[in-house]
file data.pdb (PDB, C-alpha atoms)
ATOM      1  CA  MET E   1     100.599  81.135 109.767
ATOM      2  CA  ALA E   2      98.591  84.336 109.364
ATOM      3  CA  THR E   3      97.642  85.991 106.112
ATOM      4  CA  VAL E   4      96.328  89.390 105.183
ATOM      5  CA  GLU E   5      95.056  89.669 101.631
ATOM      6  CA  LEU E   6      94.417  92.857  99.756
ATOM      7  CA  ARG E   7      92.774  93.299  96.358
ATOM      8  CA  PHE E   8      92.702  96.620  94.636
ATOM      9  CA  SER E   9      91.623  97.949  91.257
ATOM     10  CA  ALA E  10      94.579  98.662  89.010
ATOM     11  CA  LEU E  11      94.786 102.326  89.959
ATOM     12  CA  PRO E  12      98.123 104.045  90.615
ATOM     13  CA  GLU E  13      96.808 105.697  93.773
ATOM     14  CA  HIS E  14      96.348 102.318  95.430
ATOM     15  CA  VAL E  15      99.960 101.279  95.148
ATOM     16  CA  ARG E  16     100.564 103.512  98.163
ATOM     17  CA  THR E  17      97.695 101.809  99.989
ATOM     18  CA  ALA E  18      99.390  98.465  99.382
ATOM     19  CA  ARG E  19     102.725  99.845 100.665
ATOM     20  CA  LEU E  20     101.133 101.060 103.881
ATOM     21  CA  VAL E  21      99.313  97.793 104.538
ATOM     22  CA  ALA E  22     102.423  95.739 103.763
ATOM     23  CA  ALA E  23     104.574  97.820 106.117
ATOM     24  CA  ALA E  24     102.002  97.539 108.910
ATOM     25  CA  VAL E  25     101.695  93.759 108.564
ATOM     26  CA  ALA E  26     105.474  93.325 108.211
ATOM     27  CA  ARG E  27     106.096  95.307 111.370
ATOM     28  CA  ARG E  28     103.601  93.221 113.284
ATOM     29  CA  ALA E  29     105.199  90.045 111.930
ATOM     30  CA  GLY E  30     108.505  91.079 113.454
ATOM     31  CA  VAL E  31     110.351  92.244 110.373
ATOM     32  CA  ASP E  32     113.231  94.432 111.469
ATOM     33  CA  GLU E  33     112.418  98.164 111.466
ATOM     34  CA  ALA E  34     115.484  98.867 109.340
ATOM     35  CA  VAL E  35     114.180  96.481 106.683
ATOM     36  CA  LEU E  36     110.691  97.991 106.452
ATOM     37  CA  ASP E  37     111.843 100.582 103.907
ATOM     38  CA  GLU E  38     112.899  97.696 101.697
ATOM     39  CA  VAL E  39     109.564  95.961 102.125
ATOM     40  CA  ARG E  40     107.742  99.160 101.184
ATOM     41  CA  LEU E  41     109.879  99.690  98.116
ATOM     42  CA  ALA E  42     109.719  96.056  96.964
ATOM     43  CA  VAL E  43     105.956  95.746  97.328
ATOM     44  CA  GLY E  44     105.567  99.142  95.686
ATOM     45  CA  GLU E  45     107.606  98.050  92.677
ATOM     46  CA  ALA E  46     105.725  94.753  92.356
ATOM     47  CA  CYS E  47     102.349  96.474  92.599
ATOM     48  CA  THR E  48     103.347  99.216  90.175
ATOM     49  CA  ARG E  49     104.319  96.532  87.684
ATOM     50  CA  ALA E  50     101.037  94.656  88.191
ATOM     51  CA  VAL E  51      99.000  97.841  87.814
ATOM     52  CA  GLY E  52     100.904  98.693  84.631
ATOM     53  CA  LEU E  53     100.268  95.233  83.201
ATOM     54  CA  HIS E  54      96.539  95.406  83.971
ATOM     55  CA  LEU E  55      96.212  98.880  82.475
ATOM     56  CA  SER E  56      98.120  98.207  79.289
ATOM     57  CA  ASN E  57      96.381  94.879  78.696
ATOM     58  CA  GLY E  58      92.916  96.155  79.555
ATOM     59  CA  VAL E  59      92.469  93.764  82.465
ATOM     60  CA  ASP E  60      89.553  94.783  84.678
ATOM     61  CA  ALA E  61      90.246  92.409  87.534
ATOM     62  CA  PRO E  62      91.936  93.737  90.651
ATOM     63  CA  VAL E  63      95.573  93.208  91.573
ATOM     64  CA  ARG E  64      96.019  90.794  94.484
ATOM     65  CA  VAL E  65      98.490  91.114  97.339
ATOM     66  CA  ALA E  66      98.882  88.403  99.975
ATOM     67  CA  LEU E  67     100.966  89.111 103.075
ATOM     68  CA  THR E  68     101.827  85.988 105.034
ATOM     69  CA  GLU E  69     103.438  85.694 108.415
ATOM     70  CA  GLU E  70     105.152  82.347 108.989
ATOM     71  CA  GLU E  71     107.286  81.213 111.902
ATOM     72  CA  LYS E  72     110.516  82.883 110.901
ATOM     73  CA  LYS E  73     109.556  84.382 107.599
ATOM     74  CA  PHE E  74     107.368  87.124 106.255
ATOM     75  CA  SER E  75     106.353  86.764 102.634
ATOM     76  CA  ILE E  76     104.519  88.856 100.084
ATOM     77  CA  GLU E  77     102.880  87.667  96.889
ATOM     78  CA  VAL E  78     101.719  90.157  94.279
ATOM     79  CA  GLY E  79      99.521  88.557  91.653
ATOM     80  CA  ASP E  80      98.353  89.994  88.359
ATOM     81  CA  GLU E  81      95.967  88.591  85.737
ATOM     82  CA  SER E  82      97.755  89.928  82.733
ATOM     83  CA  PRO E  83      98.109  87.426  79.901
ATOM     84  CA  THR E  84     101.485  86.337  78.655
ATOM     85  CA  SER E  85     101.371  84.337  75.476
ATOM     86  CA  ALA E  86     103.889  83.456  72.782
ATOM     87  CA  GLY E  87     104.771  86.542  70.764
ATOM     88  CA  HIS E  88     103.149  88.909  73.237
ATOM     89  CA  THR E  89     105.295  90.980  75.534
ATOM     90  CA  PRO E  90     103.594  91.740  78.847
ATOM     91  CA  GLY E  91     102.936  95.427  79.029
ATOM     92  CA  SER E  92     103.063  96.112  75.296
ATOM     93  CA  HIS E  93      99.984  97.720  73.843
ATOM     94  CA  PRO E  94      99.128  98.010  70.153
ATOM     95  CA  ASP E  95      98.304 101.707  70.434
ATOM     96  CA  VAL E  96     101.472 102.698  72.218
ATOM     97  CA  ASP E  97     104.098 103.948  69.792
ATOM     98  CA  ASP E  98     107.552 102.403  69.647
ATOM     99  CA  GLU E  99     109.118 104.972  71.930
ATOM    100  CA  GLY E 100     106.322 104.646  74.451
ATOM    101  CA  ALA E 101     106.485 100.865  74.345
ATOM    102  CA  ALA E 102     110.251 100.863  74.744
ATOM    103  CA  GLU E 103     109.974 103.277  77.656
ATOM    104  CA  ALA E 104     107.256 101.193  79.328
ATOM    105  CA  GLU E 105     109.272  98.014  78.878
ATOM    106  CA  SER E 106     112.459  99.511  80.273
ATOM    107  CA  GLU E 107     110.527 100.869  83.248
ATOM    108  CA  ASP E 108     109.191  97.364  83.837
ATOM    109  CA  GLU E 109     112.732  96.003  83.718
ATOM    110  CA  MET E 110     113.926  98.702  86.102
ATOM    111  CA  GLY E 111     111.178  97.781  88.564
ATOM    112  CA  LEU E 112     112.207  94.119  88.484
ATOM    113  CA  ALA E 113     115.883  95.091  88.712
ATOM    114  CA  VAL E 114     115.141  97.096  91.849
ATOM    115  CA  ILE E 115     113.234  94.188  93.409
ATOM    116  CA  SER E 116     115.969  91.654  92.695
ATOM    117  CA  GLY E 117     118.675  94.043  93.911
ATOM    118  CA  LEU E 118     116.737  94.625  97.085
ATOM    119  CA  VAL E 119     115.301  91.265  98.113
ATOM    120  CA  ASP E 120     117.313  88.084  98.534
ATOM    121  CA  ASP E 121     114.394  85.712  98.154
ATOM    122  CA  VAL E 122     112.420  86.636  95.027
ATOM    123  CA  GLU E 123     110.605  84.589  92.436
ATOM    124  CA  VAL E 124     108.858  85.975  89.362
ATOM    125  CA  THR E 125     106.574  83.705  87.375
ATOM    126  CA  THR E 126     104.348  84.448  84.416
ATOM    127  CA  SER E 127     101.731  82.399  82.623
ATOM    128  CA  GLU E 128      98.949  82.851  80.112
ATOM    129  CA  THR E 129      96.496  83.693  82.870
ATOM    130  CA  GLY E 130      98.698  85.993  84.899
ATOM    131  CA  GLY E 131     101.853  86.274  86.945
ATOM    132  CA  VAL E 132     103.110  86.299  90.491
ATOM    133  CA  ILE E 133     105.998  87.978  92.241
ATOM    134  CA  ARG E 134     106.870  86.194  95.483
ATOM    135  CA  MET E 135     109.236  87.790  97.970
ATOM    136  CA  SER E 136     110.184  87.021 101.532
ATOM    137  CA  TRP E 137     112.141  88.395 104.449
ATOM    138  CA  PRO E 138     113.280  86.898 107.740
ATOM    139  CA  ALA E 139     111.121  87.800 110.695
ATOM    140  CA  SER E 140     111.312  87.331 114.436
ATOM    141  CA  PRO E 141     107.914  87.890 115.982
ATOM    142  CA  GLN E 142     107.991  89.766 119.265
ATOM    143  CA  SER E 143     106.979  87.882 122.356
ATOM    144  CA  LEU E 144     103.522  88.860 123.569
ATOM    145  CA  VAL E 145     104.753  88.896 127.157
ATOM    146  CA  PRO E 146     106.281  92.312 127.906
TER
ATOM    147  CA  MET R   1      98.433 114.384  95.918
ATOM    148  CA  ASP R   2     101.170 113.381  98.305
ATOM    149  CA  LEU R   3     103.836 115.345  96.420
ATOM    150  CA  SER R   4     104.856 118.979  96.906
ATOM    151  CA  LEU R   5     106.911 120.939  94.408
ATOM    152  CA  SER R   6     108.393 124.409  94.570
ATOM    153  CA  THR R   7     110.896 126.105  92.312
ATOM    154  CA  ARG R   8     113.284 129.022  92.681
ATOM    155  CA  THR R   9     116.185 130.323  90.663
ATOM    156  CA  VAL R  10     119.703 130.658  91.995
ATOM    157  CA  GLY R  11     121.880 132.344  89.386
ATOM    158  CA  ASP R  12     121.443 130.431  86.145
ATOM    159  CA  ARG R  13     120.171 127.338  87.956
ATOM    160  CA  THR R  14     116.624 126.389  88.802
ATOM    161  CA  VAL R  15     116.186 124.550  92.064
ATOM    162  CA  VAL R  16     113.192 122.233  92.294
ATOM    163  CA  GLU R  17     112.388 121.328  95.871
ATOM    164  CA  VAL R  18     110.449 118.072  96.104
ATOM    165  CA  GLY R  19     108.591 116.887  99.170
ATOM    166  CA  GLY R  20     106.617 113.753  99.950
ATOM    167  CA  GLU R  21     106.460 110.518  98.014
ATOM    168  CA  ILE R  22     107.459 110.021  94.385
ATOM    169  CA  ASP R  23     105.735 106.910  93.051
ATOM    170  CA  VAL R  24     103.642 105.800  90.071
ATOM    171  CA  TYR R  25     100.774 108.069  91.180
ATOM    172  CA  THR R  26     102.725 111.245  91.939
ATOM    173  CA  ALA R  27     105.642 110.960  89.501
ATOM    174  CA  PRO R  28     103.676 112.420  86.557
ATOM    175  CA  LYS R  29     103.391 115.684  88.497
ATOM    176  CA  LEU R  30     107.177 115.856  88.782
ATOM    177  CA  ARG R  31     107.563 114.953  85.110
ATOM    178  CA  GLU R  32     105.187 117.791  84.147
ATOM    179  CA  GLN R  33     107.189 120.251  86.242
ATOM    180  CA  LEU R  34     110.499 119.232  84.659
ATOM    181  CA  VAL R  35     109.030 119.356  81.135
ATOM    182  CA  GLU R  36     107.597 122.808  81.831
ATOM    183  CA  LEU R  37     110.940 124.103  83.095
ATOM    184  CA  VAL R  38     112.790 122.871  80.033
ATOM    185  CA  ASN R  39     110.103 124.277  77.721
ATOM    186  CA  ASP R  40     110.542 127.612  79.486
ATOM    187  CA  GLY R  41     114.265 127.554  78.776
ATOM    188  CA  SER R  42     115.605 126.391  82.161
ATOM    189  CA  TYR R  43     118.278 123.868  81.254
ATOM    190  CA  HIS R  44     120.318 123.763  84.454
ATOM    191  CA  LEU R  45     118.262 122.079  87.096
ATOM    192  CA  VAL R  46     118.923 121.082  90.671
ATOM    193  CA  VAL R  47     116.399 118.680  92.159
ATOM    194  CA  ASP R  48     116.447 118.873  95.948
ATOM    195  CA  MET R  49     115.339 115.499  97.287
ATOM    196  CA  GLU R  50     115.913 116.209 100.957
ATOM    197  CA  GLY R  51     112.183 116.324 101.648
ATOM    198  CA  VAL R  52     111.415 113.125  99.747
ATOM    199  CA  ASP R  53     110.095 110.266 101.900
ATOM    200  CA  PHE R  54     109.825 107.657  99.189
ATOM    201  CA  LEU R  55     111.243 107.152  95.695
ATOM    202  CA  ASP R  56     110.722 104.178  93.411
ATOM    203  CA  SER R  57     111.676 103.217  89.853
ATOM    204  CA  THR R  58     108.860 105.331  88.382
ATOM    205  CA  GLY R  59     110.447 108.349  90.053
ATOM    206  CA  LEU R  60     113.861 107.318  88.785
ATOM    207  CA  GLY R  61     112.393 107.091  85.286
ATOM    208  CA  VAL R  62     111.104 110.662  85.544
ATOM    209  CA  LEU R  63     114.503 111.908  86.704
ATOM    210  CA  VAL R  64     116.228 110.058  83.857
ATOM    211  CA  GLY R  65     113.722 111.588  81.445
ATOM    212  CA  GLY R  66     114.488 115.018  82.862
ATOM    213  CA  LEU R  67     118.204 114.428  82.463
ATOM    214  CA  LYS R  68     117.759 113.451  78.825
ATOM    215  CA  ARG R  69     115.685 116.558  78.140
ATOM    216  CA  VAL R  70     118.164 119.011  79.616
ATOM    217  CA  ARG R  71     121.081 117.270  77.951
ATOM    218  CA  ALA R  72     119.404 117.819  74.585
ATOM    219  CA  HIS R  73     119.999 121.501  75.339
ATOM    220  CA  GLU R  74     123.507 121.010  76.744
ATOM    221  CA  GLY R  75     122.070 121.472  80.199
ATOM    222  CA  SER R  76     122.476 119.635  83.488
ATOM    223  CA  LEU R  77     120.370 117.969  86.136
ATOM    224  CA  ARG R  78     121.888 117.541  89.569
ATOM    225  CA  LEU R  79     120.399 116.019  92.661
ATOM    226  CA  VAL R  80     120.678 116.942  96.313
ATOM    227  CA  CYS R  81     120.240 113.952  98.588
ATOM    228  CA  ASN R  82     121.697 112.835 101.906
ATOM    229  CA  GLN R  83     119.138 110.215 102.838
ATOM    230  CA  GLU R  84     120.551 106.725 102.661
ATOM    231  CA  ARG R  85     117.148 105.145 102.109
ATOM    232  CA  ILE R  86     116.672 107.275  98.962
ATOM    233  CA  LEU R  87     120.286 106.881  97.792
ATOM    234  CA  LYS R  88     119.834 103.133  98.038
ATOM    235  CA  ILE R  89     117.651 102.892  94.957
ATOM    236  CA  PHE R  90     120.174 104.954  92.960
ATOM    237  CA  ARG R  91     122.905 102.547  94.053
ATOM    238  CA  ILE R  92     120.928  99.401  93.237
ATOM    239  CA  THR R  93     120.190 100.632  89.733
ATOM    240  CA  GLY R  94     123.670 102.039  89.125
ATOM    241  CA  LEU R  95     122.232 105.500  88.631
ATOM    242  CA  THR R  96     124.724 106.997  91.094
ATOM    243  CA  LYS R  97     127.042 106.918  88.082
ATOM    244  CA  VAL R  98     124.584 108.834  85.951
ATOM    245  CA  PHE R  99     123.418 111.647  88.213
ATOM    246  CA  PRO R 100     125.689 114.063  90.039
ATOM    247  CA  ILE R 101     124.451 113.796  93.616
ATOM    248  CA  HIS R 102     125.351 116.579  96.021
ATOM    249  CA  THR R 103     125.039 116.971  99.758
ATOM    250  CA  SER R 104     123.617 120.485  99.632
ATOM    251  CA  VAL R 105     121.833 122.855  97.283
ATOM    252  CA  GLU R 106     124.734 125.295  97.684
ATOM    253  CA  ASP R 107     127.146 122.637  96.411
ATOM    254  CA  ALA R 108     124.902 121.655  93.529
ATOM    255  CA  VAL R 109     124.340 125.224  92.417
ATOM    256  CA  ALA R 110     128.088 125.964  92.468
ATOM    257  CA  ALA R 111     129.144 122.834  90.569
ATOM    258  CA  THR R 112     130.293 123.371  87.038
ATOM    259  CA  ASP R 113     131.420 120.023  85.582
TER
END
call {"tool": "encode", "arguments": {"input": "data.pdb", "output": "structure tokens"}}
result
Amino acid sequence: MATVELRFSALPEHVRTARLVAAAVARRAGVDEAVLDEVRLAVGEACTRAVGLHLSNGVDAPVRVALTEEEKKFSIEVGDESPTSAGHTPGSHPDVDDEGAAEAESEDEMGLAVISGLVDDVEVTTSETGGVIRMSWPASPQSLVP
Amino acid sequence: MDLSLSTRTVGDRTVVEVGGEIDVYTAPKLREQLVELVNDGSYHLVVDMEGVDFLDSTGLGVLVGGLKRVRAHEGSLRLVCNQERILKIFRITGLTKVFPIHTSVEDAVAATD
């Protein structure tokens, strides 16, 4: 089992960085070329959501992405440290007006809708200290012998 | 920025040609362009996505925002897209029912519904 872990400050420009790294590691893990677009999109959506949560909740810590190659599976975990507590909607910010908050929330829902429409194996968990989106794809690693 | 934008008018339509990746970092640039066009009185827009390599839900949100803005002026926003990997995200979100999607700019510019 091999893992590549990436941590990046919650900056929109680094979501692309995460997509590129994820695609490179997925390809090496034997994920089908035709599926790589999906991997890119799914990890992009998960990271965009995490970045949004960090920014709107003033979380300084970086977003974490773990890419793990297992025997027949390639999985990605995107972790955020945004708090979810009773009565607090992740992503809502006291200074954002109603329309802005509604727009941000519906964008968050759209991101999750895209991920669940795209990936068969997805799990989203949230807690008071942060959340995780776990996704996986089948993989068949290429033989090293040409 | 990894996003290129160019505009031209064809009759009463404005064609916005987009190239590169539309994601959380680059989408604001597209949003600004669409807002500017509507503020300048261009209410019939055609967004040519043939040069787009990547589109995510942030990009979709900008396009939906653009559609709402032009509709407030009885306008239209049509898309040109033949790439399956881009069409996929419209299908997953059901937005193929919301946006008229054409196979060519010529088609989009001529459409009147």
call {"tool": "closest_atom_pairs", "arguments": {"input": "data.pdb", "of": "chain E", "to": "chain R", "cutoff": "9 Å", "atoms": "all atoms listed in the file", "output": "Markdown table"}}
result
| residue | atom | partner | partner_atom | distance |
| --- | --- | --- | --- | --- |
| E:Leu11 | CA | R:Tyr25 | CA | 8.4 |
| E:Pro12 | CA | R:Tyr25 | CA | 4.9 |
| E:Glu13 | CA | R:Tyr25 | CA | 5.3 |
| E:His14 | CA | R:Tyr25 | CA | 8.4 |
| E:Val15 | CA | R:Val24 | CA | 7.7 |
| E:Arg16 | CA | R:Asp23 | CA | 8.0 |
| E:Asp37 | CA | R:Arg85 | CA | 7.2 |
| E:Glu38 | CA | R:Arg85 | CA | 8.6 |
| E:Arg40 | CA | R:Phe54 | CA | 9.0 |
| E:Leu41 | CA | R:Asp56 | CA | 6.6 |
| E:Ala42 | CA | R:Asp56 | CA | 8.9 |
| E:Gly44 | CA | R:Asp56 | CA | 7.6 |
| E:Glu45 | CA | R:Asp56 | CA | 6.9 |
| E:Thr48 | CA | R:Val24 | CA | 6.6 |
| E:Glu103 | CA | R:Gly61 | CA | 8.9 |
| E:Glu107 | CA | R:Gly61 | CA | 6.8 |
| E:Asp108 | CA | R:Ser57 | CA | 8.8 |
| E:Met110 | CA | R:Ser57 | CA | 6.3 |
| E:Gly111 | CA | R:Ser57 | CA | 5.6 |
| E:Ala113 | CA | R:Thr93 | CA | 7.1 |
| E:Val114 | CA | R:Ile92 | CA | 6.4 |
| E:Gly117 | CA | R:Ile92 | CA | 5.9 |
| E:Leu118 | CA | R:Ile92 | CA | 7.4 |
call {"tool": "atom_distance", "arguments": {"input": "data.pdb", "atom1": "atom CA of E:Val25", "atom2": "atom CA of R:Cys81"}}
result
29.2 Å
call {"tool": "atom_distance", "arguments": {"input": "data.pdb", "atom1": "atom CA of R:Ser6", "atom2": "atom CA of R:Gly94"}}
result
27.6 Å
call {"tool": "closest_residue", "arguments": {"input": "data.pdb", "among": "E:Val59, E:Val78, E:Val35, E:Ala66", "to": "E:Gly131", "atoms": "all atoms listed in the file"}}
result
E:Val78
call {"tool": "closest_residue", "arguments": {"input": "data.pdb", "among": "R:Arg13, R:Arg78, R:Arg69, R:His102", "to": "R:Glu36", "atoms": "all atoms listed in the file"}}
result
R:Arg69
call {"tool": "residues_around", "arguments": {"input": "data.pdb", "residues": "E:Asp121", "least_positions_apart": "2", "cutoff": "9 Å", "atoms": "all atoms listed in the file", "output": "PDB file with C-alpha atoms, keeping the file's coordinate frame"}}
result
ATOM      1  CA  SER E 116     115.969  91.654  92.695  1.00  0.00           C
ATOM      2  CA  VAL E 119     115.301  91.265  98.113  1.00  0.00           C
ATOM      3  CA  GLU E 123     110.605  84.589  92.436  1.00  0.00           C
ATOM      4  CA  ARG E 134     106.870  86.194  95.483  1.00  0.00           C
ATOM      5  CA  MET E 135     109.236  87.790  97.970  1.00  0.00           C
ATOM      6  CA  SER E 136     110.184  87.021 101.532  1.00  0.00           C
ATOM      7  CA  TRP E 137     112.141  88.395 104.449  1.00  0.00           C
TER       8      TRP E 137
END
call {"tool": "closest_residue", "arguments": {"input": "data.pdb", "among": "R:His73, R:His44, R:Lys68, R:Lys29", "to": "R:Ala108", "atoms": "all atoms listed in the file"}}
result
R:His44
call {"tool": "residues_near_point", "arguments": {"input": "data.pdb", "point": "(109.9, 89.1, 90.9)", "cutoff": "6 Å", "atoms": "all atoms listed in the file", "output": "compact mmCIF listing (two decimals) with C-alpha atoms, in the frame of the given file"}}
result
# COMPACT_ATOMS: atom_id res chain seq x y z
CA VAL E 122 112.42 86.64 95.03
CA GLU E 123 110.60 84.59 92.44
CA VAL E 124 108.86 85.98 89.36
CA ILE E 133 106.00 87.98 92.24
call {"tool": "resolve_selection", "arguments": {"input": "data.pdb", "expression": "the PyMOL selection byres ((chain E and resi 28) around 10)", "output": "list in words"}}
result
Ala22, Ala23, Ala24, Val25, Ala26, Arg27, Ala29, Gly30, Val31, Asp32, Glu69, Ala139, Ser140, Pro141 and Gln142 of chain E
call {"tool": "atom_distance", "arguments": {"input": "data.pdb", "atom1": "atom CA of E:Cys47", "atom2": "atom CA of E:Glu128"}}
result
18.8 Å
call {"tool": "resolve_selection", "arguments": {"input": "data.pdb", "expression": "the PyMOL selection byres ((chain R and resi 50-53) around 10)", "output": "PyMOL selection string"}}
result
chain R and resi 3-4+17-22+47-49+54-55+79-83+85-86+103-105
call {"tool": "residues_around", "arguments": {"input": "data.pdb", "residues": "E:His54", "least_positions_apart": "4", "cutoff": "10 Å", "atoms": "only C-alpha atoms", "output": "MDAnalysis selection string"}}
result
chainID E and resid 9:11 48:50 58:63 80:83 90:91 130
call {"tool": "write_last_selection", "arguments": {"input": "data.pdb", "atoms": "C-alpha atoms", "output": "mmCIF file, in the frame of the given file"}}
result
data_model
loop_
_atom_site.group_PDB
_atom_site.id
_atom_site.type_symbol
_atom_site.label_atom_id
_atom_site.label_comp_id
_atom_site.auth_asym_id
_atom_site.auth_seq_id
_atom_site.Cartn_x
_atom_site.Cartn_y
_atom_site.Cartn_z
ATOM 1 C CA SER E 9 91.623 97.949 91.257
ATOM 2 C CA ALA E 10 94.579 98.662 89.010
ATOM 3 C CA LEU E 11 94.786 102.326 89.959
ATOM 4 C CA THR E 48 103.347 99.216 90.175
ATOM 5 C CA ARG E 49 104.319 96.532 87.684
ATOM 6 C CA ALA E 50 101.037 94.656 88.191
ATOM 7 C CA GLY E 58 92.916 96.155 79.555
ATOM 8 C CA VAL E 59 92.469 93.764 82.465
ATOM 9 C CA ASP E 60 89.553 94.783 84.678
ATOM 10 C CA ALA E 61 90.246 92.409 87.534
ATOM 11 C CA PRO E 62 91.936 93.737 90.651
ATOM 12 C CA VAL E 63 95.573 93.208 91.573
ATOM 13 C CA ASP E 80 98.353 89.994 88.359
ATOM 14 C CA GLU E 81 95.967 88.591 85.737
ATOM 15 C CA SER E 82 97.755 89.928 82.733
ATOM 16 C CA PRO E 83 98.109 87.426 79.901
ATOM 17 C CA PRO E 90 103.594 91.740 78.847
ATOM 18 C CA GLY E 91 102.936 95.427 79.029
ATOM 19 C CA GLY E 130 98.698 85.993 84.899
#
call {"tool": "resolve_selection", "arguments": {"input": "data.pdb", "expression": "the PyMOL selection byres ((chain R and resi 11) around 12)", "output": "VMD selection string"}}
result
chain R and resid 8 to 10 12 to 15 42 44 to 46 106 108 to 110
